[in-house]
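What's in model.tsv: TSV, C-alpha atoms
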chain	number	residue	atom	x	y	z
A	193	MET	CA	-39.51	313.22	211.41
A	194	GLU	CA	-39.99	313.03	215.18
A	195	GLU	CA	-37.08	312.86	217.57
A	196	ALA	CA	-36.63	309.47	219.20
A	197	PRO	CA	-37.96	309.58	222.77
A	198	ALA	CA	-35.41	310.44	225.41
A	199	HIS	CA	-37.12	307.96	227.75
A	200	ASP	CA	-35.69	304.53	227.95
A	201	HIS	CA	-39.03	302.81	228.27
A	202	TRP	CA	-40.33	300.85	225.33
A	203	LYS	CA	-43.84	302.20	225.86
A	204	ALA	CA	-42.74	305.75	225.01
A	205	TRP	CA	-41.21	304.48	221.77
A	206	PHE	CA	-44.20	302.35	220.96
A	207	GLN	CA	-46.57	305.24	221.60
A	208	LEU	CA	-44.61	307.37	219.14
A	209	TYR	CA	-44.11	304.83	216.36
A	210	GLY	CA	-46.67	302.06	216.95
A	211	ALA	CA	-49.52	303.58	214.92
A	212	LYS	CA	-47.29	304.29	211.92
A	213	MET	CA	-45.87	300.78	212.08
A	214	LEU	CA	-49.37	299.34	212.18
A	215	LEU	CA	-50.55	301.37	209.20
A	216	CYS	CA	-47.56	300.18	207.15
A	217	ALA	CA	-47.99	296.60	208.35
A	218	ARG	CA	-51.60	296.67	207.16
A	219	GLN	CA	-50.38	297.33	203.61
A	220	TRP	CA	-48.51	294.04	203.61
A	221	THR	CA	-50.82	291.73	205.56
A	222	ARG	CA	-54.23	290.25	205.01
A	223	SER	CA	-55.92	291.23	208.25
A	224	PRO	CA	-55.56	293.68	211.15
A	225	ALA	CA	-54.73	290.73	213.42
A	226	ASP	CA	-51.86	289.68	211.16
A	227	ALA	CA	-50.71	293.30	211.04
A	228	GLU	CA	-50.54	293.41	214.85
A	229	ASP	CA	-48.55	290.16	214.90
A	230	VAL	CA	-46.11	291.71	212.46
A	231	VAL	CA	-45.84	294.91	214.49
A	232	GLN	CA	-45.13	292.91	217.63
A	233	GLU	CA	-42.41	290.86	215.99
A	234	ALA	CA	-40.84	293.90	214.34
A	235	PHE	CA	-40.89	296.03	217.46
A	236	VAL	CA	-39.39	293.31	219.65
A	237	ARG	CA	-36.66	292.70	217.05
A	238	PHE	CA	-35.90	296.41	216.83
A	239	TRP	CA	-35.90	296.93	220.60
A	240	ARG	CA	-33.59	294.01	221.29
A	241	HIS	CA	-31.19	294.17	218.38
A	242	GLN	CA	-31.32	297.42	216.45
A	243	ARG	CA	-32.09	300.26	218.82
A	244	ALA	CA	-28.46	300.77	219.70
A	245	LEU	CA	-27.45	301.12	216.05
A	246	GLY	CA	-28.50	304.78	215.90
A	247	GLY	CA	-29.84	306.34	212.71
A	248	GLU	CA	-33.51	307.05	212.10
A	249	PRO	CA	-35.61	304.80	214.35
A	250	LEU	CA	-38.72	304.95	212.16
A	251	ALA	CA	-36.83	303.87	209.04
A	252	LEU	CA	-35.31	300.93	210.96
A	253	LEU	CA	-38.68	300.02	212.43
A	254	LEU	CA	-40.38	300.02	209.05
A	255	THR	CA	-37.63	297.85	207.59
A	256	SER	CA	-38.25	295.48	210.46
A	257	VAL	CA	-42.01	295.58	209.78
A	258	ARG	CA	-41.48	294.80	206.12
A	259	ARG	CA	-39.22	291.85	206.98
A	260	ALA	CA	-41.64	290.48	209.56
A	261	ALA	CA	-44.53	290.81	207.08
A	262	THR	CA	-42.55	288.92	204.45
A	263	ASP	CA	-41.75	286.18	206.98
A	264	LEU	CA	-45.40	285.93	208.00
A	265	SER	CA	-46.59	285.76	204.43
A	266	ARG	CA	-44.16	282.90	203.76
A	267	ARG	CA	-45.38	281.08	206.86
A	268	ASN	CA	-49.00	281.64	205.92
A	269	SER	CA	-48.75	280.92	202.23
A	270	ARG	CA	-50.31	277.50	202.53
A	271	ARG	CA	-53.07	278.77	204.81
A	272	MET	CA	-53.82	281.58	202.34
A	273	VAL	CA	-54.14	279.12	199.50
A	274	ARG	CA	-56.71	277.25	201.60
A	275	GLU	CA	-58.57	280.47	202.43
A	276	GLU	CA	-58.64	281.59	198.83
A	277	ALA	CA	-59.94	278.21	197.82
A	278	ALA	CA	-62.71	278.57	200.39
A	279	GLU	CA	-63.24	282.23	199.38
A	280	ILE	CA	-62.67	283.51	202.90
A	281	GLN	CA	-62.29	287.27	202.84
A	282	PRO	CA	-59.93	288.72	205.44
A	283	ASP	CA	-61.49	291.09	207.97
A	284	ASN	CA	-59.90	294.29	206.73
A	285	ASP	CA	-62.69	296.77	207.34
A	286	LEU	CA	-61.33	298.34	210.52
A	287	PRO	CA	-60.51	302.03	209.99
A	288	LEU	CA	-56.95	302.87	209.01
A	289	PHE	CA	-57.04	306.27	210.74
A	290	GLU	CA	-58.27	307.70	214.01
A	291	THR	CA	-61.94	308.48	213.80
A	292	GLY	CA	-63.42	311.70	215.07
A	293	ALA	CA	-66.69	313.54	214.90
A	294	GLU	CA	-65.17	316.40	212.92
A	295	HIS	CA	-64.44	315.81	209.21
A	296	ASP	CA	-65.23	312.13	209.58
A	297	ASP	CA	-66.97	311.99	206.20
A	298	ARG	CA	-63.81	313.27	204.60
A	299	ARG	CA	-61.70	310.68	206.46
A	300	GLN	CA	-63.99	307.92	205.27
A	301	ALA	CA	-63.78	309.19	201.69
A	302	ILE	CA	-59.97	309.25	201.87
A	303	GLU	CA	-59.84	305.75	203.36
A	304	ALA	CA	-62.17	304.40	200.70
A	305	ALA	CA	-60.07	306.03	197.98
A	306	LEU	CA	-56.86	304.67	199.55
A	307	ARG	CA	-58.25	301.14	199.63
A	308	ARG	CA	-59.12	301.36	195.95
A	309	LEU	CA	-55.57	302.28	194.94
A	310	PRO	CA	-53.43	299.53	193.45
A	311	ALA	CA	-51.40	297.94	196.27
A	312	GLU	CA	-48.04	298.96	194.78
A	313	GLN	CA	-49.09	302.62	194.66
A	314	ARG	CA	-50.71	302.55	198.09
A	315	GLU	CA	-47.65	301.11	199.85
A	316	VAL	CA	-45.42	303.84	198.39
A	317	LEU	CA	-47.89	306.53	199.42
A	318	VAL	CA	-48.16	305.16	202.96
A	319	LEU	CA	-44.39	304.85	203.37
A	320	LYS	CA	-43.89	308.39	202.08
A	321	ILE	CA	-46.66	310.24	203.94
A	322	TRP	CA	-46.97	308.38	207.25
A	323	GLY	CA	-43.69	306.44	207.24
A	324	GLU	CA	-41.84	309.69	206.45
A	325	LEU	CA	-39.32	307.85	204.29
A	326	THR	CA	-37.44	309.42	201.38
A	327	PHE	CA	-37.81	307.99	197.88
A	328	ASP	CA	-34.35	306.45	198.22
A	329	GLN	CA	-35.40	304.69	201.44
A	330	ILE	CA	-38.69	303.53	199.90
A	331	ALA	CA	-36.83	302.24	196.87
A	332	ALA	CA	-34.44	300.25	199.08
A	333	GLN	CA	-37.35	298.93	201.14
A	334	LEU	CA	-39.37	297.72	198.16
A	335	ALA	CA	-36.48	296.79	195.84
A	336	LEU	CA	-37.40	299.46	193.28
A	337	SER	CA	-35.53	302.31	191.66
A	338	PRO	CA	-36.07	305.71	193.32
A	339	ASN	CA	-37.60	306.96	190.05
A	340	THR	CA	-40.17	304.15	190.09
A	341	ALA	CA	-41.00	304.91	193.72
A	342	ALA	CA	-41.45	308.61	192.90
A	343	SER	CA	-43.63	307.91	189.88
A	344	ARG	CA	-45.84	305.45	191.82
A	345	TYR	CA	-46.25	308.15	194.46
A	346	ARG	CA	-47.36	310.67	191.84
A	347	TYR	CA	-49.78	308.21	190.27
A	348	ALA	CA	-51.20	307.43	193.71
A	349	LEU	CA	-51.76	311.10	194.54
A	350	ALA	CA	-53.33	311.75	191.14
A	351	ALA	CA	-55.66	308.76	191.47
A	352	LEU	CA	-56.55	309.71	195.03
A	353	ARG	CA	-57.39	313.27	194.06
A	354	LYS	CA	-59.49	312.07	191.14
A	355	GLN	CA	-61.46	309.74	193.39
A	356	LEU	CA	-61.96	312.40	196.06
A	357	ILE	CA	-63.23	314.92	193.50
A	358	ALA	CA	-65.66	312.29	192.19
A	359	ALA	CA	-66.78	311.52	195.75
A	360	ASP	CA	-67.34	315.25	196.41
A	361	CYS	CA	-69.42	315.56	193.23
A	362	HIS	CA	-71.57	312.62	194.18
A	363	GLY	CA	-71.90	314.05	197.64
B	124	MET	CA	-43.38	317.08	194.50
B	125	ASP	CA	-45.70	319.22	192.39
B	126	GLU	CA	-47.33	322.27	193.93
B	127	ASP	CA	-50.76	320.96	192.85
B	128	PHE	CA	-50.44	317.96	195.17
B	129	LYS	CA	-49.24	319.99	198.14
B	130	ASP	CA	-52.69	320.53	199.65
B	131	LEU	CA	-53.60	316.88	199.29
B	132	GLU	CA	-50.30	315.80	200.87
B	133	GLU	CA	-50.91	318.16	203.79
B	134	GLU	CA	-54.43	316.83	204.24
B	135	LEU	CA	-53.16	313.24	204.25
B	136	ARG	CA	-50.44	314.06	206.78
B	137	ARG	CA	-53.07	315.42	209.14
B	138	LEU	CA	-54.76	312.01	209.34
B	139	ARG	CA	-53.47	310.10	212.32
B	140	PRO	CA	-53.03	306.35	211.81
B	141	GLN	CA	-55.12	304.13	214.06
B	142	SER	CA	-53.28	303.20	217.28
B	143	PRO	CA	-52.46	299.56	217.97
B	144	SER	CA	-54.92	297.78	220.23
B	145	GLN	CA	-54.48	297.41	223.99
B	146	ARG	CA	-54.26	293.68	223.35
B	147	LEU	CA	-51.02	294.24	221.41
B	148	VAL	CA	-49.64	296.49	224.16
B	149	ARG	CA	-50.38	293.76	226.73
B	150	ARG	CA	-48.65	291.20	224.52
B	151	LEU	CA	-45.57	293.42	224.35
B	152	GLU	CA	-45.68	293.83	228.13
B	153	SER	CA	-45.64	290.07	228.50
B	154	VAL	CA	-42.53	289.79	226.33
B	155	GLY	CA	-40.50	291.59	229.01
B	156	LEU	CA	-38.86	294.21	226.80
B	157	GLN	CA	-37.57	296.38	229.60
B	158	ARG	CA	-35.04	293.71	230.58
B	159	HIS	CA	-33.30	294.63	227.34
B	160	GLY	CA	-32.97	298.26	228.33
B	161	ARG	CA	-30.43	300.70	227.07
B	162	GLY	CA	-28.17	300.12	230.07
B	163	ARG	CA	-27.18	296.71	228.86
B	164	GLY	CA	-26.96	297.84	225.25
B	165	TRP	CA	-24.83	300.80	226.29
B	166	MET	CA	-22.36	298.51	228.03
B	167	ARG	CA	-22.35	296.17	225.10
B	168	TRP	CA	-21.62	298.85	222.53
B	169	MET	CA	-19.01	300.49	224.73
B	170	ALA	CA	-16.82	297.61	223.60
B	171	PHE	CA	-16.34	299.36	220.25
B	172	PRO	CA	-15.01	302.69	221.52
B	173	ALA	CA	-12.80	300.79	223.95
B	174	MET	CA	-11.31	298.74	221.18
B	175	ALA	CA	-10.94	301.77	218.94
B	176	ALA	CA	-9.11	303.49	221.79
B	177	ALA	CA	-6.78	300.48	222.02
B	178	VAL	CA	-5.95	300.86	218.33
B	179	VAL	CA	-5.29	304.58	218.70
B	180	LEU	CA	-3.08	303.95	221.73
B	181	GLY	CA	-1.21	301.33	219.73
B	182	PHE	CA	-0.49	303.86	217.01
B	183	LEU	CA	0.45	306.54	219.56
B	184	PHE	CA	2.87	304.09	221.11
B	185	LEU	CA	4.44	303.62	217.70
B	186	ARG	CA	4.74	307.35	217.15
B	187	LEU	CA	6.14	308.10	220.63
B	188	SER	CA	8.80	305.44	220.44
B	189	PRO	CA	12.33	306.78	219.88
B	190	PRO	CA	13.01	307.22	216.18
B	191	ARG	CA	14.70	304.25	214.63
B	192	PRO	CA	17.14	304.48	211.81
B	193	THR	CA	14.80	302.77	209.42
B	194	ALA	CA	12.47	303.78	206.63
B	195	HIS	CA	8.83	304.73	207.29
B	196	PRO	CA	7.51	302.33	209.96
B	197	LEU	CA	4.54	301.22	207.88
B	198	ALA	CA	6.79	300.54	204.92
B	199	THR	CA	8.72	298.00	206.91
B	200	ALA	CA	6.01	296.84	209.32
B	201	ALA	CA	5.46	293.12	209.28
B	202	PHE	CA	2.16	292.72	211.07
B	203	LYS	CA	1.01	289.16	211.47
B	204	PRO	CA	-2.33	288.00	212.83
B	205	VAL	CA	-1.78	286.62	216.30
B	206	ALA	CA	-5.28	286.26	217.70
B	207	ALA	CA	-8.82	285.97	216.45
B	208	GLU	CA	-11.73	285.96	218.85
B	209	ASN	CA	-15.48	285.67	218.33
B	210	LEU	CA	-17.29	287.06	221.32
B	211	LEU	CA	-20.94	286.06	221.55
B	212	LEU	CA	-22.93	289.05	222.83
B	213	ASP	CA	-26.48	287.92	222.52
B	214	ALA	CA	-28.47	284.95	221.30
B	215	SER	CA	-32.19	284.76	220.92
B	216	ASP	CA	-34.50	282.06	219.76
B	217	GLU	CA	-36.93	283.64	217.29
B	218	GLY	CA	-39.24	280.68	217.24
B	219	TYR	CA	-40.29	278.22	214.65
B	220	THR	CA	-40.47	278.79	210.95
B	221	THR	CA	-41.11	276.62	207.93
B	222	LEU	CA	-38.58	276.10	205.17
B	223	GLU	CA	-39.61	276.22	201.52
B	224	ASP	CA	-39.88	272.46	201.38
B	225	GLY	CA	-42.18	272.42	204.40
B	226	THR	CA	-39.56	271.29	206.92
B	227	PRO	CA	-40.07	272.88	210.34
B	228	ALA	CA	-37.04	274.79	211.59
B	229	ARG	CA	-35.93	276.96	214.47
B	230	ARG	CA	-34.60	280.44	213.80
B	231	VAL	CA	-31.80	281.58	216.12
B	232	ARG	CA	-30.21	285.02	215.95
B	233	ARG	CA	-26.75	285.56	217.41
B	234	SER	CA	-24.75	288.77	217.72
B	235	TYR	CA	-20.97	288.63	217.86
B	236	ILE	CA	-17.98	290.89	217.96
B	237	ASP	CA	-15.15	289.45	215.93
B	238	THR	CA	-11.77	290.75	217.05
B	239	ILE	CA	-8.54	290.12	215.19
B	240	THR	CA	-5.17	291.22	216.51
B	241	TRP	CA	-2.07	291.69	214.42
B	242	LYS	CA	1.39	292.15	215.87
B	243	ASP	CA	4.71	293.25	214.51
B	244	PRO	CA	7.22	291.02	216.34
B	245	ARG	CA	10.10	293.39	215.67
B	246	THR	CA	8.57	296.50	217.24
B	247	ASN	CA	5.96	294.80	219.42
B	248	ALA	CA	3.34	297.16	217.96
B	249	SER	CA	-0.11	295.69	217.77
B	250	LEU	CA	-3.24	296.45	215.84
B	251	THR	CA	-6.69	295.32	216.86
B	252	TRP	CA	-9.66	295.25	214.52
B	253	SER	CA	-13.18	294.63	215.78
B	254	LEU	CA	-16.29	294.12	213.75
B	255	PRO	CA	-19.87	293.51	214.87
B	256	ARG	CA	-21.54	290.57	213.17
B	257	GLU	CA	-25.06	289.22	213.27
B	258	GLU	CA	-25.78	285.66	212.33
B	259	ILE	CA	-29.13	284.01	211.75
B	260	ARG	CA	-29.19	280.24	211.89
B	261	VAL	CA	-32.12	278.27	210.64
B	262	ILE	CA	-31.87	274.85	212.21
B	263	PRO	CA	-34.16	272.13	210.88
B	264	VAL	CA	-35.93	270.27	213.64
B	265	ALA	CA	-37.30	266.79	213.61
B	266	PHE	CA	-40.23	265.86	215.85
B	267	GLN	CA	-40.13	262.30	217.05
As structure tokens, what does this structure read like?
Amino acid sequence: MEEAPAHDHWKAWFQLYGAKMLLCARQWTRSPADAEDVVQEAFVRFWRHQRALGGEPLALLLTSVRRAATDLSRRNSRRMVREEAAEIQPDNDLPLFETGAEHDDRRQAIEAALRRLPAEQREVLVLKIWGELTFDQIAAQLALSPNTAASRYRYALAALRKQLIAADCHG
Amino acid sequence: MDEDFKDLEEELRRLRPQSPSQRLVRRLESVGLQRHGRGRGWMRWMAFPAMAAAVVLGFLFLRLSPPRPTAHPLATAAFKPVAAENLLLDASDEGYTTLEDGTPARRVRRSYIDTITWKDPRTNASLTWSLPREEIRVIPVAFQ
């Protein structure tokens, strides 16, 4: 886990944690725009009220992201019902990871495999790999037992590997 | 985790999540976060060590007082609460939200330090206890 920036400017903190917050927020929101709203709310809340508490900043930030996403989903529940009724698909095709010329096919294959995972497995995987949380922290975050979090993580990795092998075979 | 997943985990860790857009950074700039810099937070949270020091000094005072021909001081101490204070440190309006029944409401977050002081009138020893508290009020609003 990275050290919290020594600088006292929010931009240094946001540069370090913003991308990870956004990736996690995208697991719990319907569109990249909603995810950015959630990241904004969570970061402002953390910066104003929680930064002085100490501890692991990323864990606190992700808790804040989760809470903001839950709040947004409550606020939007009626809008979502309307969208579903009208069969509006959220614009969720933006890449999850930085794109680059090198190994970009592999990145695309991993992203496609990630998107096909069941949401409950994908969120555990994202919190573990990019959120750098322990299984205990993930369990607390998602109201699960640590054993359930660990087993979802294993299932996610197994499913991901299976899909990537299949993608390699089909070239 | 199993050895057989190690390579896959390493490969996943090497992927760097997409950075937030410049639009989001500009929105954060417009919020004025730097006003809430560490300087103010540092002063705010210095209240705790200061109060803890007051408690320690209170106990030291008890210990340095000339011995009295009584039993153990704590055995006979008769501390009574003499003051309770709720100090409001920060309040922020978090905007509008909607309650489950559809009522619009405002969400206000307030941070306090609650301080309670006990005193033993016989020895004049005092004990101060401070606790941070955060309160979120959801206040229904009516538009007229």
### Task
Would you list the contacts of region 253-257 of chain B as a VMD selection string, taking every protein, DNA or RNA residue within 8 Å and counting all atoms listed in the file, but skipping same-chain residues closer than 6 positions in sequence?
chain B and resid 171 174 232 to 239
### Task
Using only C-alpha atoms, find which residues of chain A lie within 6 Å of chain B and jot them down as an NGL selection string.
:A and (211 or 288-290)
### Query
How many Å lie between CA of Lys242 (chain B) and CA of Phe202 (chain B), rounded to one decimal?
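If I compute the distance from CA of Lys242 (chain B) to CA of Phe202 (chain B), I get 4.9 Å.
Here CA of Asp285 (chain A) and CA of Arg314 (chain A) stand 16.2 Å from one another.
The gap separating CA of Arg353 (chain A) from CA of Leu254 (chain A) is 26.3 Å, in Å to one decimal.
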Give me, as a PDB file with C-alpha atoms, keeping the file's coordinate frame, all polymer residues having an atom no more than 10 Å from Trp220 (chain A), counting all atoms listed in the file and skipping those fewer than 4 positions away in the same chain.
ATOM      1  CA  LEU A 215     -50.550 301.370 209.200  1.00  0.00           C
ATOM      2  CA  CYS A 216     -47.560 300.180 207.150  1.00  0.00           C
ATOM      3  CA  ASP A 226     -51.860 289.680 211.160  1.00  0.00           C
ATOM      4  CA  ALA A 227     -50.710 293.300 211.040  1.00  0.00           C
ATOM      5  CA  VAL A 230     -46.110 291.710 212.460  1.00  0.00           C
ATOM      6  CA  VAL A 257     -42.010 295.580 209.780  1.00  0.00           C
ATOM      7  CA  ARG A 258     -41.480 294.800 206.120  1.00  0.00           C
ATOM      8  CA  ALA A 260     -41.640 290.480 209.560  1.00  0.00           C
ATOM      9  CA  ALA A 261     -44.530 290.810 207.080  1.00  0.00           C
ATOM     10  CA  THR A 262     -42.550 288.920 204.450  1.00  0.00           C
ATOM     11  CA  LEU A 264     -45.400 285.930 208.000  1.00  0.00           C
ATOM     12  CA  SER A 265     -46.590 285.760 204.430  1.00  0.00           C
ATOM     13  CA  ALA A 311     -51.400 297.940 196.270  1.00  0.00           C
ATOM     14  CA  GLU A 315     -47.650 301.110 199.850  1.00  0.00           C
TER      15      GLU A 315
END
Could you add the missing atoms to region 283-314 of chain A, up to N, CA and C atoms, and return them as a PDB file, keeping the file's coordinate frame?
ATOM      1  N   ASP A 283     -60.757 289.997 207.323  1.00  0.00           N
ATOM      2  CA  ASP A 283     -61.490 291.090 207.970  1.00  0.00           C
ATOM      3  C   ASP A 283     -60.608 292.338 207.936  1.00  0.00           C
ATOM      4  N   ASN A 284     -60.802 293.154 206.903  1.00  0.00           N
ATOM      5  CA  ASN A 284     -59.900 294.290 206.730  1.00  0.00           C
ATOM      6  C   ASN A 284     -60.676 295.591 206.731  1.00  0.00           C
ATOM      7  N   ASP A 285     -61.825 295.590 207.410  1.00  0.00           N
ATOM      8  CA  ASP A 285     -62.690 296.770 207.340  1.00  0.00           C
ATOM      9  C   ASP A 285     -62.450 297.758 208.482  1.00  0.00           C
ATOM     10  N   LEU A 286     -61.573 297.403 209.426  1.00  0.00           N
ATOM     11  CA  LEU A 286     -61.330 298.340 210.520  1.00  0.00           C
ATOM     12  C   LEU A 286     -60.704 299.611 209.954  1.00  0.00           C
ATOM     13  N   PRO A 287     -61.046 300.775 210.552  1.00  0.00           N
ATOM     14  CA  PRO A 287     -60.510 302.030 209.990  1.00  0.00           C
ATOM     15  C   PRO A 287     -58.982 302.072 210.045  1.00  0.00           C
ATOM     16  N   LEU A 288     -58.411 302.731 209.053  1.00  0.00           N
ATOM     17  CA  LEU A 288     -56.950 302.870 209.010  1.00  0.00           C
ATOM     18  C   LEU A 288     -56.507 304.059 209.875  1.00  0.00           C
ATOM     19  N   PHE A 289     -57.415 305.047 210.038  1.00  0.00           N
ATOM     20  CA  PHE A 289     -57.040 306.270 210.740  1.00  0.00           C
ATOM     21  C   PHE A 289     -57.965 306.516 211.918  1.00  0.00           C
ATOM     22  N   GLU A 290     -57.473 307.347 212.838  1.00  0.00           N
ATOM     23  CA  GLU A 290     -58.270 307.700 214.010  1.00  0.00           C
ATOM     24  C   GLU A 290     -59.576 308.328 213.557  1.00  0.00           C
ATOM     25  N   THR A 291     -60.649 307.917 214.179  1.00  0.00           N
ATOM     26  CA  THR A 291     -61.940 308.480 213.800  1.00  0.00           C
ATOM     27  C   THR A 291     -62.267 309.630 214.751  1.00  0.00           C
ATOM     28  N   GLY A 292     -63.016 310.577 214.233  1.00  0.00           N
ATOM     29  CA  GLY A 292     -63.420 311.700 215.070  1.00  0.00           C
ATOM     30  C   GLY A 292     -64.708 312.261 214.518  1.00  0.00           C
ATOM     31  N   ALA A 293     -65.400 313.010 215.349  1.00  0.00           N
ATOM     32  CA  ALA A 293     -66.690 313.540 214.900  1.00  0.00           C
ATOM     33  C   ALA A 293     -66.478 314.548 213.760  1.00  0.00           C
ATOM     34  N   GLU A 294     -65.395 315.342 213.904  1.00  0.00           N
ATOM     35  CA  GLU A 294     -65.170 316.400 212.920  1.00  0.00           C
ATOM     36  C   GLU A 294     -64.516 315.813 211.656  1.00  0.00           C
ATOM     37  N   HIS A 295     -64.988 316.205 210.522  1.00  0.00           N
ATOM     38  CA  HIS A 295     -64.440 315.810 209.210  1.00  0.00           C
ATOM     39  C   HIS A 295     -64.413 314.295 209.027  1.00  0.00           C
ATOM     40  N   ASP A 296     -65.313 313.584 209.693  1.00  0.00           N
ATOM     41  CA  ASP A 296     -65.230 312.130 209.580  1.00  0.00           C
ATOM     42  C   ASP A 296     -65.665 311.629 208.204  1.00  0.00           C
ATOM     43  N   ASP A 297     -66.565 312.375 207.556  1.00  0.00           N
ATOM     44  CA  ASP A 297     -66.970 311.990 206.200  1.00  0.00           C
ATOM     45  C   ASP A 297     -65.757 312.045 205.267  1.00  0.00           C
ATOM     46  N   ARG A 298     -64.992 313.098 205.462  1.00  0.00           N
ATOM     47  CA  ARG A 298     -63.810 313.270 204.600  1.00  0.00           C
ATOM     48  C   ARG A 298     -62.806 312.127 204.858  1.00  0.00           C
ATOM     49  N   ARG A 299     -62.605 311.784 206.144  1.00  0.00           N
ATOM     50  CA  ARG A 299     -61.700 310.680 206.460  1.00  0.00           C
ATOM     51  C   ARG A 299     -62.165 309.385 205.798  1.00  0.00           C
ATOM     52  N   GLN A 300     -63.449 309.145 205.885  1.00  0.00           N
ATOM     53  CA  GLN A 300     -63.990 307.920 205.270  1.00  0.00           C
ATOM     54  C   GLN A 300     -63.778 307.917 203.764  1.00  0.00           C
ATOM     55  N   ALA A 301     -63.964 309.093 203.151  1.00  0.00           N
ATOM     56  CA  ALA A 301     -63.780 309.190 201.690  1.00  0.00           C
ATOM     57  C   ALA A 301     -62.316 308.913 201.337  1.00  0.00           C
ATOM     58  N   ILE A 302     -61.399 309.468 202.144  1.00  0.00           N
ATOM     59  CA  ILE A 302     -59.970 309.250 201.870  1.00  0.00           C
ATOM     60  C   ILE A 302     -59.618 307.775 202.054  1.00  0.00           C
ATOM     61  N   GLU A 303     -60.133 307.175 203.125  1.00  0.00           N
ATOM     62  CA  GLU A 303     -59.840 305.750 203.360  1.00  0.00           C
ATOM     63  C   GLU A 303     -60.367 304.886 202.226  1.00  0.00           C
ATOM     64  N   ALA A 304     -61.581 305.194 201.792  1.00  0.00           N
ATOM     65  CA  ALA A 304     -62.170 304.400 200.700  1.00  0.00           C
ATOM     66  C   ALA A 304     -61.327 304.554 199.438  1.00  0.00           C
ATOM     67  N   ALA A 305     -60.888 305.787 199.180  1.00  0.00           N
ATOM     68  CA  ALA A 305     -60.070 306.030 197.980  1.00  0.00           C
ATOM     69  C   ALA A 305     -58.729 305.313 198.104  1.00  0.00           C
ATOM     70  N   LEU A 306     -58.154 305.353 199.316  1.00  0.00           N
ATOM     71  CA  LEU A 306     -56.860 304.670 199.550  1.00  0.00           C
ATOM     72  C   LEU A 306     -56.986 303.171 199.279  1.00  0.00           C
ATOM     73  N   ARG A 307     -58.073 302.590 199.791  1.00  0.00           N
ATOM     74  CA  ARG A 307     -58.250 301.140 199.630  1.00  0.00           C
ATOM     75  C   ARG A 307     -58.443 300.746 198.180  1.00  0.00           C
ATOM     76  N   ARG A 308     -58.918 301.692 197.362  1.00  0.00           N
ATOM     77  CA  ARG A 308     -59.120 301.360 195.950  1.00  0.00           C
ATOM     78  C   ARG A 308     -57.846 301.509 195.126  1.00  0.00           C
ATOM     79  N   LEU A 309     -56.827 302.126 195.701  1.00  0.00           N
ATOM     80  CA  LEU A 309     -55.570 302.280 194.940  1.00  0.00           C
ATOM     81  C   LEU A 309     -54.917 300.921 194.720  1.00  0.00           C
ATOM     82  N   PRO A 310     -54.202 300.761 193.608  1.00  0.00           N
ATOM     83  CA  PRO A 310     -53.430 299.530 193.450  1.00  0.00           C
ATOM     84  C   PRO A 310     -52.426 299.390 194.610  1.00  0.00           C
ATOM     85  N   ALA A 311     -52.225 298.162 195.063  1.00  0.00           N
ATOM     86  CA  ALA A 311     -51.400 297.940 196.270  1.00  0.00           C
ATOM     87  C   ALA A 311     -50.007 298.549 196.127  1.00  0.00           C
ATOM     88  N   GLU A 312     -49.419 298.464 194.923  1.00  0.00           N
ATOM     89  CA  GLU A 312     -48.040 298.960 194.780  1.00  0.00           C
ATOM     90  C   GLU A 312     -47.980 300.482 194.855  1.00  0.00           C
ATOM     91  N   GLN A 313     -49.073 301.156 194.510  1.00  0.00           N
ATOM     92  CA  GLN A 313     -49.090 302.620 194.660  1.00  0.00           C
ATOM     93  C   GLN A 313     -49.374 302.988 196.117  1.00  0.00           C
ATOM     94  N   ARG A 314     -50.310 302.228 196.721  1.00  0.00           N
ATOM     95  CA  ARG A 314     -50.710 302.550 198.090  1.00  0.00           C
ATOM     96  C   ARG A 314     -49.542 302.383 199.066  1.00  0.00           C
TER      97      ARG A 314
END
